[in-house]
Amino acid sequence: MDTRLSPDDLAALISRCTGVPVTSEQVTDPGRTFDDLGVDSLGVMGVLAELQRDHGVSKDAELLTHQSPRELLALLPGRA
Amino acid sequence: MTRRVAVTGLGVVAPGGIGTKAFWELITSGRTTTRPITLFAAEEFRSRIAAECDFDPVHAGLTAAEIARMDRYVQFAAVAADEAWRQAQVPVTDPWRLGVCMGSAVGGTTLLEQDYVATSRRGQQWVVDAGAASPFLHCALSPAALAAEVADRVGACGPVRTVSTGCTAGLDAVGHGARLIEDGRADVVVAGASESPISPITVACFDAIRATSTRNDDPAHAARPFDRDRDGFVLGEGAAVLVLEELGHARRRGAEVLAQVEGFATRSNAHHMTGLTTEGVEMAEAARRALYHAGVASEEIGYINAHGSGTRQNDRHETAAFHRLLGERAHQVPVSSIKSMIGHSLGAIGSIELAACALALVHGVVPPTANLDTPDPECDLDYVPHTARERRLDVVLSVGSGFGGFQSAVVLTRAGRP
Amino acid sequence: MSPATTGPAPVVTGLGVIAPNGLGVGEFWAAVRDGQLALAPIGRFEPNPYPVTVAGEVTGFEPAGWVDPRITVQTDRFTHFALAAADLALRDAALHPAEVDPFEFGVMTASYSGGVEFGQREIERLWRNGPAHVGPYQSIAWFYAACSGQVSIGNGLRGPSGVLVADEAGGLDVLAAAGGELRRGARAMLVGGAEAPFCPYAMCCQLGLGLLSTSGDPAAAYQPFTERAGGFAPAEGGAILVVEDAGAAHQRGATVKAVVAGHGATYTGRRRFDRSAQGLLRAATGALAEAGLTPDDVDAVFLDAMADPCADAAEAEALHLLLGERANRVPVTAPKAGYGRCYAAAAVLDVAAAVLALEHGLVPPTPGVRDCRFDLDLVTGAARPVDLCTVLVLSRGVYGGNSALVLRHPESPTIGGV
């Protein structure tokens, strides 16, 4: 399981899962929510599921569309 | 002259018992049938509970050849159709005027998955081995086979089709079937729906979107529509079939009319494939159109059979729709969800709920919503908690909501209503 | 008089086609008119160990440019076709959805195989890797209602929606169902179907039908009505029509392409093509009666063309029974021999071809067919100029459905209507 994930990696993962082109700047911007990016609830669930499967995010983690990708980065193990 | 539609036969296969009698006893008792999944080993899944039918096809009267040929959901439909057809006792004078309209959301998924496992060596090869497929696999690709099986049982040669609008298919199939009669395309239509979705792929796909309940340690109380502590729907399975007949046709032959199907409409929210708005505008609009079509005022509604799936957003969406539809009268109309007792059987449930509505009209009893211990403050209607209620009913509304944003409504009226 | 025969008939005002022989009506009509062959070796998956190697694939179609990337990831190829075809149809009709009351603009599609390639990918992940690997889009991509839902959402259509799964014949039945909505108040409907059945597992399912051609030669694979008829070549693609209430179309000054004058549907049993002669005859006479016409009015017939010897013979017999001594003088054709049989979208593509034939006064040929073995005037070689007022479209399903649709030239007086 790969638990390292850079902002670039996360941006690529979100783009691939949701079809929404996302940059590394956008995923590190605390003010930018999934809603702002145009990612819907299903997209967020897909992103979270992949992080839980492959990147060590806790199975109990929850994520909603009014949260930001940056909050996702914080969920990754080994990160504050 | 307007052609009206009577219900002259009912057949049900549902969790808790096979046959209309067992079904009615169950849903008026307030007992629940939700339990740990036994149809496959579900340990690895997020939601591991369902409302399953204890269904023995041999005991239910199917032949060995039929059992071999028919997927589980087709077996349910065959048994339900046989019961409805026996009750209706329609003499088929002209098979070209006899139609079939069956609904299903996921159709032959169970067989598709079973054969997929065999032909792909448990997912190991993309180019599957066709030699390992069952000879009936082709019937599983398209639920067109469902209507065809029912048509062969009753000898129909009129319009025969399957409706597959997802979770509103059970309402839509009966609504569409009624229109075939109204529009003069048939005099009798065997209409209903069937589903057997309790298979790994279907459970996994609802897991993935967290739509189903994870109350795995307390399955009997997992389906809790309108309750504060609800956490999703519980998958179910089953079938119901209604024999629809042009009212004059039924009267001329002295048939017992159980109810009339008077109105049907669908609208879509054009919003999201799975998400619902909080306002319930489109569901209210579908209901309003169905009432208009039925020539019934909303003041006459004596009972609403809700979609009541028990997901957080559905129950609020629907409550908003009923407020919108009924205005100040909203608190006076009993609303209930039988999914609390028999789960959500996707495309089948709409027809099963219409069977419940017809029986409610016949018996003058409103089935309850089980497990409604602590109402959600945002769901403030009379949901008939726990216990069935006697009430003379003249007009009943049944609504459904499904993926794709589809909202459907069917209006049934008491037999003999002018 | 029943509602089926009252009110002005609905009209076709827009066509959107994504077919193996062309994207858009311009390319499609040129290919159909010229009898081009668009069958080729299957390229969507390899290796191809199956006995069916020739099909009609939509080459040169990429979702980019047609479908929002957010929607592309959550949908199967069949929905990409439907979305693209819907877009083309609206443009062809010069109709912006915002011009119509959203509650009166709906969508109705026919489906046979659903989002099966997407489904195979997800079911593979389930069985290879486990339930947590099934993505959130499986629940909305695989089911048969995906196209109606996405087209409704993509275009803001909140009107009546539906999905019929009645094999190939469902492609005509949806037009009648949409007509029923227009008669009940809807102003416009997007109507059609789409299929993308070329992944290994879908092919594995289709093999069991026993009706697909196993010829490896694209020029010989689909030869209906000949001594060499040995099954059909399957196809993928989609077609969506804009069908409007006649008054609504007139009011907005739309160009009417054709009138949907009548429909009939019957059922004659699974794998009983011998009985489909009567079934097609009944469907066709019903459709003509609804249109207020007789068989003498039929100027051309677009054939089902199963390319099964028994099915072809039954269709020829139906034409003789219907047309009597005119049977060998009325031009009949099967353009699909050039691009394959696209299941639920097949009949919709036929309707599109028939509408274009009415518009151009040309009956297109049956590509690749020279020697019809029946006493019929099968158009082969070049398109034939004919003064067309009334065209009959026939369709059959592999599960026993027979449907017929009557289209009229907009300048021909029409009394009936679906």
# chains A, B, ... in the order shown; residues from 1 in each chain; ligands from 1
>>> interface_residues(of="chain B", to="chain C", cutoff="6 Å", atoms="only C-alpha atoms", output="number ranges by chain")
B: 122-123, 127, 130, 137-138, 141-142, 144, 157-159, 161-165, 183-184, 204-205, 208-209, 266-271, 404
>>> residues_around(residues="B:Leu359", least_positions_apart="6", cutoff="9 Å", atoms="only C-alpha atoms", output="PyMOL selection string")
chain B and resi 20+24+258-259+365
>>> select_by_dssp(residues="stretch 310-393 of chain B", states="strand (DSSP E or B)", output="ChimeraX atom specification")
/B:335-336,344,365-366,369,375,385,389-390
>>> residues_around(residues="stretch 366-376 of chain B", least_positions_apart="3", cutoff="6 Å", atoms="only C-alpha atoms", output="mmCIF file with N, CA and C atoms, in the first residue's frame")
data_model
loop_
_atom_site.group_PDB
_atom_site.id
_atom_site.type_symbol
_atom_site.label_atom_id
_atom_site.label_comp_id
_atom_site.auth_asym_id
_atom_site.auth_seq_id
_atom_site.Cartn_x
_atom_site.Cartn_y
_atom_site.Cartn_z
ATOM 1 N N ILE B 27 -47.608 -7.424 6.424
ATOM 2 C CA ILE B 27 -47.452 -5.964 6.417
ATOM 3 C C ILE B 27 -48.475 -5.249 7.297
ATOM 4 N N THR B 28 -49.488 -5.969 7.758
ATOM 5 C CA THR B 28 -50.378 -5.336 8.729
ATOM 6 C C THR B 28 -49.998 -5.691 10.165
ATOM 7 N N GLY B 30 -46.838 -5.406 11.303
ATOM 8 C CA GLY B 30 -45.725 -4.577 11.760
ATOM 9 C C GLY B 30 -44.438 -5.353 11.987
ATOM 10 N N HIS B 221 -34.149 -4.220 12.922
ATOM 11 C CA HIS B 221 -34.505 -2.817 13.090
ATOM 12 C C HIS B 221 -33.737 -1.894 12.151
ATOM 13 N N ARG B 224 -35.594 1.750 8.764
ATOM 14 C CA ARG B 224 -36.327 2.643 9.661
ATOM 15 C C ARG B 224 -36.672 3.955 8.962
ATOM 16 N N PHE B 226 -38.165 7.369 8.021
ATOM 17 C CA PHE B 226 -38.663 8.539 8.751
ATOM 18 C C PHE B 226 -38.184 8.608 10.194
ATOM 19 N N ASP B 227 -37.398 7.615 10.613
ATOM 20 C CA ASP B 227 -36.877 7.619 11.975
ATOM 21 C C ASP B 227 -35.581 8.435 12.030
ATOM 22 N N ARG B 228 -35.366 9.081 13.133
ATOM 23 C CA ARG B 228 -34.170 9.902 13.313
ATOM 24 C C ARG B 228 -32.884 9.093 13.097
ATOM 25 N N SER B 336 -47.341 5.803 4.984
ATOM 26 C CA SER B 336 -46.499 4.756 5.565
ATOM 27 C C SER B 336 -45.582 4.133 4.528
ATOM 28 N N SER B 337 -44.562 3.452 5.033
ATOM 29 C CA SER B 337 -43.609 2.770 4.157
ATOM 30 C C SER B 337 -43.510 1.304 4.545
ATOM 31 N N SER B 340 -40.150 -0.671 5.468
ATOM 32 C CA SER B 340 -39.673 -0.900 6.826
ATOM 33 C C SER B 340 -39.773 -2.376 7.202
ATOM 34 N N ALA B 360 -55.222 -2.528 0.918
ATOM 35 C CA ALA B 360 -55.621 -1.514 1.901
ATOM 36 C C ALA B 360 -57.025 -0.990 1.570
ATOM 37 N N CYS B 379 -39.126 15.165 9.578
ATOM 38 C CA CYS B 379 -40.170 14.342 8.960
ATOM 39 C C CYS B 379 -41.350 14.380 9.929
ATOM 40 N N VAL B 384 -47.958 6.528 10.655
ATOM 41 C CA VAL B 384 -48.588 5.292 11.136
ATOM 42 C C VAL B 384 -47.542 4.359 11.770
ATOM 43 N N PRO B 385 -46.895 4.793 12.843
ATOM 44 C CA PRO B 385 -45.818 3.992 13.413
ATOM 45 C C PRO B 385 -46.301 2.664 14.000
ATOM 46 N N HIS B 386 -45.571 1.614 13.716
ATOM 47 C CA HIS B 386 -45.682 0.298 14.374
ATOM 48 C C HIS B 386 -46.973 -0.478 14.116
ATOM 49 N N THR B 387 -48.126 0.192 14.218
ATOM 50 C CA THR B 387 -49.389 -0.540 14.245
ATOM 51 C C THR B 387 -50.297 -0.134 13.083
ATOM 52 N N ALA B 388 -50.880 -1.143 12.434
ATOM 53 C CA ALA B 388 -51.813 -0.877 11.338
ATOM 54 C C ALA B 388 -53.038 -0.133 11.870
ATOM 55 N N ARG B 389 -53.704 0.564 10.977
ATOM 56 C CA ARG B 389 -54.828 1.403 11.412
ATOM 57 C C ARG B 389 -56.032 1.156 10.508
#
>>> interface_residues(of="chain A", to="chain B", cutoff="9 Å", atoms="only C-alpha atoms", output="list in words")
Ser41, Leu42, Met45, Gly46 and Ala49 of chain A
>>> closest_residue(among="C:Ala30, C:Pro69, C:Gln36, C:Ala316", to="chain A", atoms="only C-alpha atoms")
C:Pro69
>>> decode(residues="stretch 16-72 of chain A", atoms="C-alpha atoms", output="compact mmCIF listing (two decimals), in the first residue's frame")
# COMPACT_ATOMS: atom_id res chain seq x y z
CA ARG A 16 -9.15 10.50 -12.95
CA CYS A 17 -11.94 9.50 -10.55
CA THR A 18 -14.28 12.40 -11.23
CA GLY A 19 -13.51 13.64 -14.73
CA VAL A 20 -12.95 17.13 -13.31
CA PRO A 21 -9.53 18.57 -14.23
CA VAL A 22 -7.92 19.59 -10.92
CA THR A 23 -4.49 21.19 -10.33
CA SER A 24 -2.14 20.73 -7.37
CA GLU A 25 -2.72 24.39 -6.47
CA GLN A 26 -6.44 23.73 -6.19
CA VAL A 27 -6.01 20.72 -3.91
CA THR A 28 -3.83 22.68 -1.50
CA ASP A 29 -6.11 25.71 -1.36
CA PRO A 30 -7.97 25.43 1.97
CA GLY A 31 -10.76 27.65 0.70
CA ARG A 32 -11.57 25.46 -2.29
CA THR A 33 -14.26 22.81 -1.66
CA PHE A 34 -15.28 19.89 -3.82
CA ASP A 35 -18.50 21.76 -4.53
CA ASP A 36 -16.43 24.69 -5.85
CA LEU A 37 -14.49 22.33 -8.09
CA GLY A 38 -17.71 20.81 -9.46
CA VAL A 39 -17.17 17.38 -7.89
CA ASP A 40 -20.44 15.80 -6.73
CA SER A 41 -21.16 13.41 -3.87
CA LEU A 42 -20.54 10.30 -5.95
CA GLY A 43 -17.19 11.69 -7.09
CA VAL A 44 -16.16 12.38 -3.51
CA MET A 45 -17.15 8.85 -2.49
CA GLY A 46 -15.05 7.41 -5.30
CA VAL A 47 -12.02 9.49 -4.33
CA LEU A 48 -12.35 8.59 -0.66
CA ALA A 49 -12.81 4.89 -1.45
CA GLU A 50 -9.62 4.85 -3.49
CA LEU A 51 -7.65 6.58 -0.73
CA GLN A 52 -9.03 4.12 1.79
CA ARG A 53 -8.15 1.16 -0.41
CA ASP A 54 -4.72 2.15 -1.64
CA HIS A 55 -3.39 4.95 0.53
CA GLY A 56 -4.09 3.99 4.11
CA VAL A 57 -6.90 6.40 4.87
CA SER A 58 -9.03 5.10 7.74
CA LYS A 59 -12.12 3.09 6.81
CA ASP A 60 -14.15 5.29 9.16
CA ALA A 61 -13.19 8.54 7.45
CA GLU A 62 -16.10 10.59 6.11
CA LEU A 63 -15.95 13.27 3.47
CA LEU A 64 -18.62 15.60 2.13
CA THR A 65 -18.71 17.84 -0.90
CA HIS A 66 -18.54 21.02 1.18
CA GLN A 67 -15.12 19.93 2.41
CA SER A 68 -11.88 20.63 0.55
CA PRO A 69 -9.32 18.34 -1.10
CA ARG A 70 -6.85 19.84 1.36
CA GLU A 71 -8.81 18.21 4.16
CA LEU A 72 -8.29 14.94 2.32
